[in-house]
$ cat run-v3.cif   # mmCIF, N, CA and C atoms and all ligand atoms
data_my_file
#
loop_
_atom_site.label_atom_id
_atom_site.label_comp_id
_atom_site.auth_asym_id
_atom_site.auth_seq_id
_atom_site.Cartn_x
_atom_site.Cartn_y
_atom_site.Cartn_z
N MET A 5 -17.14 3.27 2.02
CA MET A 5 -15.99 2.53 1.48
C MET A 5 -15.83 2.89 0.00
N ILE A 6 -14.63 2.77 -0.44
CA ILE A 6 -14.34 3.13 -1.83
C ILE A 6 -13.87 1.88 -2.57
N ALA A 7 -14.55 1.55 -3.65
CA ALA A 7 -14.18 0.37 -4.44
C ALA A 7 -12.86 0.64 -5.16
N LEU A 8 -11.93 -0.31 -5.05
CA LEU A 8 -10.62 -0.13 -5.69
C LEU A 8 -10.49 -0.96 -6.96
N CYS A 9 -10.85 -2.24 -6.87
CA CYS A 9 -10.68 -3.11 -8.03
C CYS A 9 -11.38 -4.44 -7.76
N PRO A 10 -11.56 -5.25 -8.81
CA PRO A 10 -12.08 -6.60 -8.58
C PRO A 10 -11.05 -7.42 -7.80
N SER A 11 -11.53 -8.32 -6.95
CA SER A 11 -10.62 -9.16 -6.15
C SER A 11 -9.62 -9.91 -7.03
N THR A 12 -10.07 -10.33 -8.21
CA THR A 12 -9.22 -11.13 -9.09
C THR A 12 -8.01 -10.34 -9.58
N GLN A 13 -8.08 -9.03 -9.48
CA GLN A 13 -6.94 -8.22 -9.96
C GLN A 13 -5.74 -8.31 -9.02
N LEU A 14 -6.00 -8.59 -7.76
CA LEU A 14 -4.90 -8.69 -6.80
C LEU A 14 -4.50 -10.15 -6.67
N VAL A 15 -3.36 -10.48 -7.25
CA VAL A 15 -2.87 -11.86 -7.26
C VAL A 15 -1.83 -12.00 -6.16
N GLU A 16 -1.87 -13.12 -5.46
CA GLU A 16 -0.92 -13.40 -4.38
C GLU A 16 0.52 -13.09 -4.81
N GLY A 17 1.17 -12.20 -4.09
CA GLY A 17 2.56 -11.87 -4.38
C GLY A 17 2.77 -11.15 -5.70
N GLY A 18 1.70 -10.73 -6.33
CA GLY A 18 1.80 -10.11 -7.65
C GLY A 18 1.80 -8.59 -7.60
N SER A 19 1.51 -8.00 -8.72
CA SER A 19 1.52 -6.54 -8.83
C SER A 19 0.51 -5.92 -7.88
N GLY A 20 0.87 -4.74 -7.41
CA GLY A 20 -0.03 -4.01 -6.55
C GLY A 20 -0.90 -3.06 -7.34
N LEU A 21 -1.99 -2.67 -6.71
CA LEU A 21 -2.85 -1.65 -7.28
C LEU A 21 -2.47 -0.31 -6.66
N ARG A 22 -2.14 0.65 -7.48
CA ARG A 22 -1.80 1.98 -6.97
C ARG A 22 -3.05 2.85 -6.98
N PHE A 23 -3.23 3.64 -5.93
CA PHE A 23 -4.31 4.62 -5.92
C PHE A 23 -3.86 5.82 -5.10
N ASP A 24 -4.63 6.89 -5.19
CA ASP A 24 -4.22 8.13 -4.53
C ASP A 24 -5.15 8.46 -3.38
N VAL A 25 -4.57 8.98 -2.33
CA VAL A 25 -5.32 9.35 -1.14
C VAL A 25 -4.88 10.74 -0.69
N SER A 26 -5.49 11.24 0.35
CA SER A 26 -5.13 12.54 0.89
C SER A 26 -4.69 12.36 2.34
N VAL A 27 -3.49 12.84 2.66
CA VAL A 27 -2.97 12.76 4.02
C VAL A 27 -2.69 14.19 4.48
N ASP A 28 -3.38 14.63 5.52
CA ASP A 28 -3.25 16.02 5.99
C ASP A 28 -3.43 17.01 4.83
N GLY A 29 -4.37 16.71 3.96
CA GLY A 29 -4.65 17.62 2.86
C GLY A 29 -3.70 17.52 1.68
N GLU A 30 -2.68 16.66 1.80
CA GLU A 30 -1.72 16.51 0.70
C GLU A 30 -2.01 15.20 -0.03
N ALA A 31 -1.88 15.24 -1.35
CA ALA A 31 -2.05 14.02 -2.13
C ALA A 31 -0.89 13.08 -1.84
N CYS A 32 -1.19 11.81 -1.70
CA CYS A 32 -0.16 10.81 -1.41
C CYS A 32 -0.56 9.53 -2.12
N GLY A 33 0.44 8.78 -2.57
CA GLY A 33 0.16 7.50 -3.19
C GLY A 33 -0.14 6.44 -2.15
N ALA A 34 -0.88 5.44 -2.57
CA ALA A 34 -1.17 4.30 -1.72
C ALA A 34 -1.20 3.08 -2.62
N PHE A 35 -1.20 1.90 -2.00
CA PHE A 35 -1.28 0.69 -2.83
C PHE A 35 -1.92 -0.44 -2.05
N ALA A 36 -2.42 -1.39 -2.81
CA ALA A 36 -2.97 -2.62 -2.23
C ALA A 36 -2.32 -3.79 -2.93
N VAL A 37 -2.03 -4.83 -2.15
CA VAL A 37 -1.48 -6.08 -2.70
C VAL A 37 -2.19 -7.24 -1.99
N ARG A 38 -1.96 -8.44 -2.49
CA ARG A 38 -2.50 -9.61 -1.81
C ARG A 38 -1.34 -10.39 -1.20
N TYR A 39 -1.52 -10.76 0.08
CA TYR A 39 -0.48 -11.50 0.80
C TYR A 39 -1.15 -12.51 1.71
N ARG A 40 -0.75 -13.78 1.60
CA ARG A 40 -1.38 -14.87 2.34
C ARG A 40 -2.91 -14.83 2.21
N GLY A 41 -3.32 -14.55 1.01
CA GLY A 41 -4.75 -14.57 0.71
C GLY A 41 -5.50 -13.29 1.05
N GLN A 42 -4.88 -12.45 1.85
CA GLN A 42 -5.55 -11.23 2.30
C GLN A 42 -5.17 -10.04 1.43
N ALA A 43 -6.14 -9.21 1.13
CA ALA A 43 -5.83 -7.93 0.50
C ALA A 43 -5.39 -6.97 1.60
N VAL A 44 -4.24 -6.37 1.43
CA VAL A 44 -3.72 -5.42 2.41
C VAL A 44 -3.31 -4.15 1.68
N GLY A 45 -3.30 -3.04 2.40
CA GLY A 45 -2.95 -1.79 1.75
C GLY A 45 -2.15 -0.88 2.66
N TYR A 46 -1.33 -0.05 2.05
CA TYR A 46 -0.45 0.86 2.79
C TYR A 46 -0.29 2.15 2.01
N LEU A 47 0.15 3.18 2.71
CA LEU A 47 0.60 4.37 1.99
C LEU A 47 1.85 3.99 1.21
N ASN A 48 1.97 4.51 0.01
CA ASN A 48 3.14 4.23 -0.81
C ASN A 48 4.24 5.23 -0.46
N ARG A 49 4.74 5.07 0.78
CA ARG A 49 5.71 6.04 1.28
C ARG A 49 6.67 5.28 2.18
N CYS A 50 7.91 5.28 1.80
CA CYS A 50 8.94 4.59 2.56
C CYS A 50 9.10 5.25 3.93
N ALA A 51 9.37 4.43 4.95
CA ALA A 51 9.56 4.98 6.30
C ALA A 51 10.92 5.65 6.42
N HIS A 52 11.80 5.41 5.49
CA HIS A 52 13.18 5.91 5.52
C HIS A 52 13.23 7.35 5.01
N VAL A 53 12.81 7.55 3.78
CA VAL A 53 12.70 8.87 3.19
C VAL A 53 11.33 8.87 2.51
N ALA A 54 10.67 10.01 2.50
CA ALA A 54 9.31 10.02 1.95
C ALA A 54 9.34 9.86 0.44
N MET A 55 9.59 8.63 0.00
CA MET A 55 9.58 8.34 -1.43
C MET A 55 8.67 7.15 -1.66
N GLU A 56 8.16 7.03 -2.88
CA GLU A 56 7.34 5.87 -3.20
C GLU A 56 8.23 4.63 -3.24
N LEU A 57 7.63 3.49 -2.94
CA LEU A 57 8.41 2.26 -2.84
C LEU A 57 8.73 1.64 -4.19
N ASP A 58 7.74 1.64 -5.08
CA ASP A 58 7.89 0.87 -6.32
C ASP A 58 8.71 1.62 -7.36
N TRP A 59 9.65 0.90 -7.92
CA TRP A 59 10.52 1.46 -8.95
C TRP A 59 9.82 1.32 -10.30
N VAL A 60 9.37 0.12 -10.56
CA VAL A 60 8.46 -0.11 -11.69
C VAL A 60 7.07 -0.03 -11.09
N ALA A 61 6.24 0.84 -11.63
CA ALA A 61 4.92 1.08 -11.02
C ALA A 61 4.18 -0.23 -10.76
N GLY A 62 3.77 -0.41 -9.53
CA GLY A 62 2.98 -1.58 -9.16
C GLY A 62 3.80 -2.76 -8.67
N GLN A 63 5.12 -2.68 -8.77
CA GLN A 63 5.97 -3.80 -8.30
C GLN A 63 6.43 -3.50 -6.88
N PHE A 64 5.84 -4.17 -5.92
CA PHE A 64 6.14 -3.92 -4.51
C PHE A 64 6.85 -5.09 -3.84
N PHE A 65 6.58 -6.30 -4.33
CA PHE A 65 7.14 -7.47 -3.68
C PHE A 65 8.57 -7.74 -4.11
N ASP A 66 9.33 -8.41 -3.25
CA ASP A 66 10.61 -8.95 -3.65
C ASP A 66 10.36 -10.13 -4.60
N SER A 67 11.44 -10.72 -5.12
CA SER A 67 11.27 -11.73 -6.15
C SER A 67 10.56 -12.97 -5.63
N GLU A 68 10.57 -13.18 -4.32
CA GLU A 68 9.90 -14.35 -3.76
C GLU A 68 8.50 -14.04 -3.23
N GLY A 69 8.10 -12.79 -3.32
CA GLY A 69 6.76 -12.44 -2.84
C GLY A 69 6.64 -12.48 -1.33
N LYS A 70 7.78 -12.31 -0.63
CA LYS A 70 7.77 -12.45 0.83
C LYS A 70 7.79 -11.11 1.57
N THR A 71 8.43 -10.12 0.99
CA THR A 71 8.49 -8.81 1.63
C THR A 71 8.16 -7.73 0.60
N LEU A 72 7.76 -6.58 1.12
CA LEU A 72 7.56 -5.41 0.28
C LEU A 72 8.87 -4.63 0.31
N LEU A 73 9.36 -4.28 -0.86
CA LEU A 73 10.68 -3.64 -0.94
C LEU A 73 10.57 -2.21 -1.42
N CYS A 74 11.36 -1.34 -0.80
CA CYS A 74 11.51 0.00 -1.36
C CYS A 74 12.62 -0.06 -2.39
N ALA A 75 12.30 0.30 -3.61
CA ALA A 75 13.25 0.15 -4.71
C ALA A 75 14.40 1.15 -4.61
N THR A 76 14.23 2.20 -3.82
CA THR A 76 15.25 3.25 -3.81
C THR A 76 16.48 2.87 -3.00
N HIS A 77 16.29 2.50 -1.74
CA HIS A 77 17.45 2.13 -0.92
C HIS A 77 17.27 0.77 -0.25
N GLY A 78 16.26 0.05 -0.64
CA GLY A 78 16.15 -1.34 -0.20
C GLY A 78 15.53 -1.62 1.14
N ALA A 79 14.78 -0.69 1.71
CA ALA A 79 14.07 -1.03 2.94
C ALA A 79 13.08 -2.16 2.65
N ALA A 80 12.92 -3.06 3.63
CA ALA A 80 12.02 -4.19 3.45
C ALA A 80 10.96 -4.16 4.53
N TYR A 81 9.73 -4.49 4.14
CA TYR A 81 8.59 -4.43 5.06
C TYR A 81 7.82 -5.74 5.02
N ASP A 82 7.31 -6.10 6.19
CA ASP A 82 6.46 -7.28 6.29
C ASP A 82 5.11 -6.97 5.64
N PRO A 83 4.71 -7.72 4.63
CA PRO A 83 3.44 -7.41 3.96
C PRO A 83 2.24 -7.58 4.88
N ALA A 84 2.39 -8.37 5.95
CA ALA A 84 1.25 -8.63 6.82
C ALA A 84 0.86 -7.42 7.65
N ASP A 85 1.85 -6.65 8.11
CA ASP A 85 1.51 -5.52 8.97
C ASP A 85 2.28 -4.24 8.64
N GLY A 86 3.16 -4.29 7.63
CA GLY A 86 3.88 -3.09 7.23
C GLY A 86 5.10 -2.80 8.08
N GLY A 87 5.38 -3.65 9.06
CA GLY A 87 6.54 -3.42 9.92
C GLY A 87 7.85 -3.53 9.14
N CYS A 88 8.80 -2.69 9.51
CA CYS A 88 10.10 -2.71 8.84
C CYS A 88 10.88 -3.95 9.26
N VAL A 89 11.40 -4.69 8.31
CA VAL A 89 12.16 -5.90 8.63
C VAL A 89 13.60 -5.83 8.10
N GLY A 90 14.02 -4.68 7.62
CA GLY A 90 15.40 -4.57 7.17
C GLY A 90 15.62 -3.33 6.34
N GLY A 91 16.90 -2.99 6.15
CA GLY A 91 17.22 -1.82 5.34
C GLY A 91 17.53 -0.61 6.19
N PRO A 92 17.58 0.55 5.55
CA PRO A 92 18.07 1.76 6.22
C PRO A 92 17.25 2.19 7.42
N CYS A 93 15.99 1.81 7.47
CA CYS A 93 15.20 2.24 8.62
C CYS A 93 15.27 1.20 9.74
N ALA A 94 15.89 0.06 9.47
CA ALA A 94 16.20 -1.00 10.44
C ALA A 94 15.40 -1.00 11.72
N GLY A 95 14.20 -1.48 11.63
CA GLY A 95 13.39 -1.66 12.83
C GLY A 95 12.63 -0.43 13.27
N ARG A 96 12.93 0.70 12.71
CA ARG A 96 12.19 1.91 13.06
C ARG A 96 10.97 2.00 12.17
N GLY A 97 9.87 2.24 12.76
CA GLY A 97 8.68 2.55 11.99
C GLY A 97 8.26 1.46 11.03
N GLY A 98 7.60 1.85 10.01
CA GLY A 98 7.08 0.92 9.04
C GLY A 98 6.12 1.66 8.14
N LEU A 99 5.40 0.88 7.37
CA LEU A 99 4.44 1.49 6.46
C LEU A 99 3.15 1.82 7.19
N ARG A 100 2.48 2.87 6.76
CA ARG A 100 1.19 3.25 7.32
C ARG A 100 0.12 2.36 6.69
N ARG A 101 -0.51 1.56 7.55
CA ARG A 101 -1.48 0.62 7.05
C ARG A 101 -2.82 1.29 6.75
N LEU A 102 -3.47 0.81 5.72
CA LEU A 102 -4.81 1.26 5.37
C LEU A 102 -5.79 0.12 5.60
N GLU A 103 -7.03 0.46 5.81
CA GLU A 103 -8.01 -0.59 6.02
C GLU A 103 -8.58 -1.03 4.68
N ILE A 104 -8.28 -2.25 4.32
CA ILE A 104 -8.74 -2.81 3.05
C ILE A 104 -9.73 -3.94 3.36
N VAL A 105 -10.82 -3.91 2.69
CA VAL A 105 -11.90 -4.86 2.94
C VAL A 105 -12.26 -5.51 1.62
N GLU A 106 -12.55 -6.80 1.66
CA GLU A 106 -13.00 -7.48 0.45
C GLU A 106 -14.40 -7.99 0.66
N SER A 107 -15.26 -7.74 -0.29
CA SER A 107 -16.64 -8.19 -0.17
C SER A 107 -17.22 -8.37 -1.56
N GLY A 108 -17.86 -9.51 -1.78
CA GLY A 108 -18.54 -9.74 -3.05
C GLY A 108 -17.64 -9.64 -4.26
N GLY A 109 -16.37 -10.06 -4.09
CA GLY A 109 -15.46 -10.05 -5.23
C GLY A 109 -14.90 -8.68 -5.57
N VAL A 110 -15.03 -7.74 -4.64
CA VAL A 110 -14.50 -6.40 -4.87
C VAL A 110 -13.60 -6.02 -3.69
N VAL A 111 -12.51 -5.34 -3.99
CA VAL A 111 -11.60 -4.84 -2.97
C VAL A 111 -11.96 -3.38 -2.69
N TYR A 112 -12.17 -3.07 -1.42
CA TYR A 112 -12.55 -1.71 -1.02
C TYR A 112 -11.51 -1.14 -0.07
N TRP A 113 -11.41 0.15 -0.07
CA TRP A 113 -10.63 0.87 0.94
C TRP A 113 -11.60 1.64 1.82
N ARG A 114 -11.42 1.49 3.15
CA ARG A 114 -12.23 2.25 4.09
C ARG A 114 -11.36 3.37 4.63
N PRO A 115 -11.63 4.61 4.26
CA PRO A 115 -10.82 5.73 4.75
C PRO A 115 -10.88 5.83 6.27
N ASP A 116 -9.85 6.39 6.87
CA ASP A 116 -9.83 6.58 8.32
C ASP A 116 -9.53 8.05 8.58
N PRO A 117 -9.54 8.47 9.85
CA PRO A 117 -9.39 9.91 10.11
C PRO A 117 -8.08 10.51 9.56
N GLY A 118 -7.03 9.68 9.45
CA GLY A 118 -5.75 10.23 8.99
C GLY A 118 -5.55 10.17 7.49
N VAL A 119 -6.25 9.27 6.85
CA VAL A 119 -6.05 9.09 5.40
C VAL A 119 -7.43 9.13 4.74
N ARG A 120 -7.64 10.19 3.98
CA ARG A 120 -8.94 10.48 3.41
C ARG A 120 -8.91 10.31 1.89
N PRO A 121 -10.09 10.21 1.29
CA PRO A 121 -10.12 10.23 -0.18
C PRO A 121 -9.65 11.59 -0.68
N LEU A 122 -9.07 11.61 -1.86
CA LEU A 122 -8.74 12.88 -2.49
C LEU A 122 -10.04 13.59 -2.84
N PRO A 123 -10.08 14.92 -2.65
CA PRO A 123 -11.28 15.62 -3.09
C PRO A 123 -11.47 15.42 -4.59
N ARG A 124 -12.70 15.24 -5.00
CA ARG A 124 -12.96 15.07 -6.44
C ARG A 124 -12.91 16.44 -7.10
N PRO A 125 -12.37 16.49 -8.32
CA PRO A 125 -12.29 17.77 -9.02
C PRO A 125 -13.65 18.40 -9.23
N ASP A 126 -14.68 17.55 -9.36
CA ASP A 126 -16.01 18.10 -9.60
C ASP A 126 -16.74 18.42 -8.29
N GLY A 127 -16.00 18.33 -7.18
CA GLY A 127 -16.56 18.72 -5.90
C GLY A 127 -17.40 17.63 -5.29
S1 LIG A 201 13.68 5.76 0.39
FE1 LIG A 201 12.94 3.75 0.92
S2 LIG A 201 14.76 2.72 1.58
FE2 LIG A 201 15.43 4.74 1.21
#
$ encode --input "run-v3.cif" --output "structure tokens" --more "lines below"
Ligand code: FES
Amino acid sequence: MIALCPSTQLVEGGSGLRFDVSVDGEACGAFAVRYRGQAVGYLNRCAHVAMELDWVAGQFFDSEGKTLLCATHGAAYDPADGGCVGGPCAGRGGLRRLEIVESGGVVYWRPDPGVRPLPRPDG
């Protein structure tokens, strides 16, 4: 598992933590936010067009903290499972979920076969 941040850094409905991962050998953004008490994480890639969701870095939630919004064309996603709940992708697809684990006051990401850590420059 890879430590991302202290649990206290992820505030309910607040700013997300951005981090980088590798998908099929390509660098891709990812993020973690807190929703209904749970730390959840997704690839930072809209299901509509492959663009990052946040317009202001780290701002993923709508003003009420209820959905994750793509700032570019307004796709909306359920923070609980990443499913699309509105916008241009209207029910098609959703965000690629990542496995986020919290333990001992630390938020971790557990890589899976499709989403790997970025290779470290020092090998
Ligand atoms: S790029 Fe996300 S809604 Fe269009």
$ residues_around --input "run-v3.cif" --residues "Tyr81 of chain A" --least-positions-apart "2" --cutoff "7 Å" --atoms "all atoms listed in the file" --output "PyMOL selection string"
chain A and resi 70-74+79+83-90+98-99
$ residues_near_ligand --input "run-v3.cif" --ligand "ligand LIG 201 (chain A)" --cutoff "6.5 Å" --atoms "all atoms listed in the file" --output "list in words"
Cys50, Ala51, His52, Val53, Ala54, Met55, Glu56, Leu57, Cys74, Ala75, Thr76, His77, Gly78, Ala79, Ala80, Gly91, Pro92 and Cys93 of chain A
$ residues_around --input "run-v3.cif" --residues "segment 23-30 of chain A" --least-positions-apart "3" --cutoff "6.5 Å" --atoms "only N, CA and C atoms" --output "PyMOL selection string"
chain A and resi 33-36+118-122
$ closest_residue --input "run-v3.cif" --among "A:Ser107, A:Tyr39, A:Asn48, A:Gly97" --to "Glu68 of chain A" --atoms "only C-alpha atoms"
A:Tyr39
$ atom_distance --input "run-v3.cif" --atom1 "atom CA of Thr12 of chain A" --atom2 "atom CA of Val44 of chain A"
14.0 Å
$ atom_distance --input "run-v3.cif" --atom1 "atom CA of Tyr112 of chain A" --atom2 "atom N of Arg96 of chain A"
29.0 Å
$ residues_around --input "run-v3.cif" --residues "Val110 of chain A" --least-positions-apart "3" --cutoff "6 Å" --atoms "only C-alpha atoms" --output "list in words"
Cys9, Pro10, Ser11, Glu106 and Ser107 of chain A
$ write_last_selection --input "run-v3.cif" --atoms "N, CA and C atoms" --output "tab-separated table (two decimals), in the frame of the given file"
chain	number	residue	atom	x	y	z
A	9	CYS	N	-10.85	-2.24	-6.87
A	9	CYS	CA	-10.68	-3.11	-8.03
A	9	CYS	C	-11.38	-4.44	-7.76
A	10	PRO	N	-11.56	-5.25	-8.81
A	10	PRO	CA	-12.08	-6.60	-8.58
A	10	PRO	C	-11.05	-7.42	-7.80
A	11	SER	N	-11.53	-8.32	-6.95
A	11	SER	CA	-10.62	-9.16	-6.15
A	11	SER	C	-9.62	-9.91	-7.03
A	106	GLU	N	-12.55	-6.80	1.66
A	106	GLU	CA	-13.00	-7.48	0.45
A	106	GLU	C	-14.40	-7.99	0.66
A	107	SER	N	-15.26	-7.74	-0.29
A	107	SER	CA	-16.64	-8.19	-0.17
A	107	SER	C	-17.22	-8.37	-1.56
$ closest_residue --input "run-v3.cif" --among "A:Val111, A:Pro123, A:Arg100, A:Pro117" --to "Leu8 of chain A" --atoms "only N, CA and C atoms"
A:Val111
$ closest_residue --input "run-v3.cif" --among "A:Arg49, A:Ala43, A:Gly108, A:Cys32" --to "Glu16 of chain A" --atoms "only C-alpha atoms"
A:Ala43
$ closest_residue --input "run-v3.cif" --among "A:Gln63, A:Asp116, A:Ile6, A:Leu102" --to "Leu21 of chain A" --atoms "only N, CA and C atoms"
A:Gln63
$ atom_distance --input "run-v3.cif" --atom1 "atom C of Ile104 of chain A" --atom2 "atom CA of Gly69 of chain A"
19.6 Å
$ select_by_dssp --input "run-v3.cif" --residues "segment 76-112 of chain A" --states "strand (DSSP E)" --output "CSV table (one decimal) with N, CA and C atoms, keeping the file's coordinate frame"
chain,number,residue,atom,x,y,z
A,80,ALA,N,12.9,-3.1,3.6
A,80,ALA,CA,12.0,-4.2,3.4
A,80,ALA,C,11.0,-4.2,4.5
A,81,TYR,N,9.7,-4.5,4.1
A,81,TYR,CA,8.6,-4.4,5.1
A,81,TYR,C,7.8,-5.7,5.0
A,88,CYS,N,8.8,-2.7,9.5
A,88,CYS,CA,10.1,-2.7,8.8
A,88,CYS,C,10.9,-4.0,9.3
A,89,VAL,N,11.4,-4.7,8.3
A,89,VAL,CA,12.2,-5.9,8.6
A,89,VAL,C,13.6,-5.8,8.1
A,90,GLY,N,14.0,-4.7,7.6
A,90,GLY,CA,15.4,-4.6,7.2
A,90,GLY,C,15.6,-3.3,6.3
A,101,ARG,N,-0.5,1.6,7.6
A,101,ARG,CA,-1.5,0.6,7.0
A,101,ARG,C,-2.8,1.3,6.8
A,102,LEU,N,-3.5,0.8,5.7
A,102,LEU,CA,-4.8,1.3,5.4
A,102,LEU,C,-5.8,0.1,5.6
A,103,GLU,N,-7.0,0.5,5.8
A,103,GLU,CA,-8.0,-0.6,6.0
A,103,GLU,C,-8.6,-1.0,4.7
A,104,ILE,N,-8.3,-2.2,4.3
A,104,ILE,CA,-8.7,-2.8,3.0
A,104,ILE,C,-9.7,-3.9,3.4
A,105,VAL,N,-10.8,-3.9,2.7
A,105,VAL,CA,-11.9,-4.9,2.9
A,105,VAL,C,-12.3,-5.5,1.6
A,106,GLU,N,-12.6,-6.8,1.7
A,106,GLU,CA,-13.0,-7.5,0.4
A,106,GLU,C,-14.4,-8.0,0.7
A,107,SER,N,-15.3,-7.7,-0.3
A,107,SER,CA,-16.6,-8.2,-0.2
A,107,SER,C,-17.2,-8.4,-1.6
A,110,VAL,N,-15.0,-7.7,-4.6
A,110,VAL,CA,-14.5,-6.4,-4.9
A,110,VAL,C,-13.6,-6.0,-3.7
A,111,VAL,N,-12.5,-5.3,-4.0
A,111,VAL,CA,-11.6,-4.8,-3.0
A,111,VAL,C,-12.0,-3.4,-2.7
A,112,TYR,N,-12.2,-3.1,-1.4
A,112,TYR,CA,-12.6,-1.7,-1.0
A,112,TYR,C,-11.5,-1.1,-0.1
$ closest_residue --input "run-v3.cif" --among "A:Gly109, A:Arg124, A:Glu103, A:Arg114" --to "Tyr46 of chain A" --atoms "only C-alpha atoms"
A:Glu103
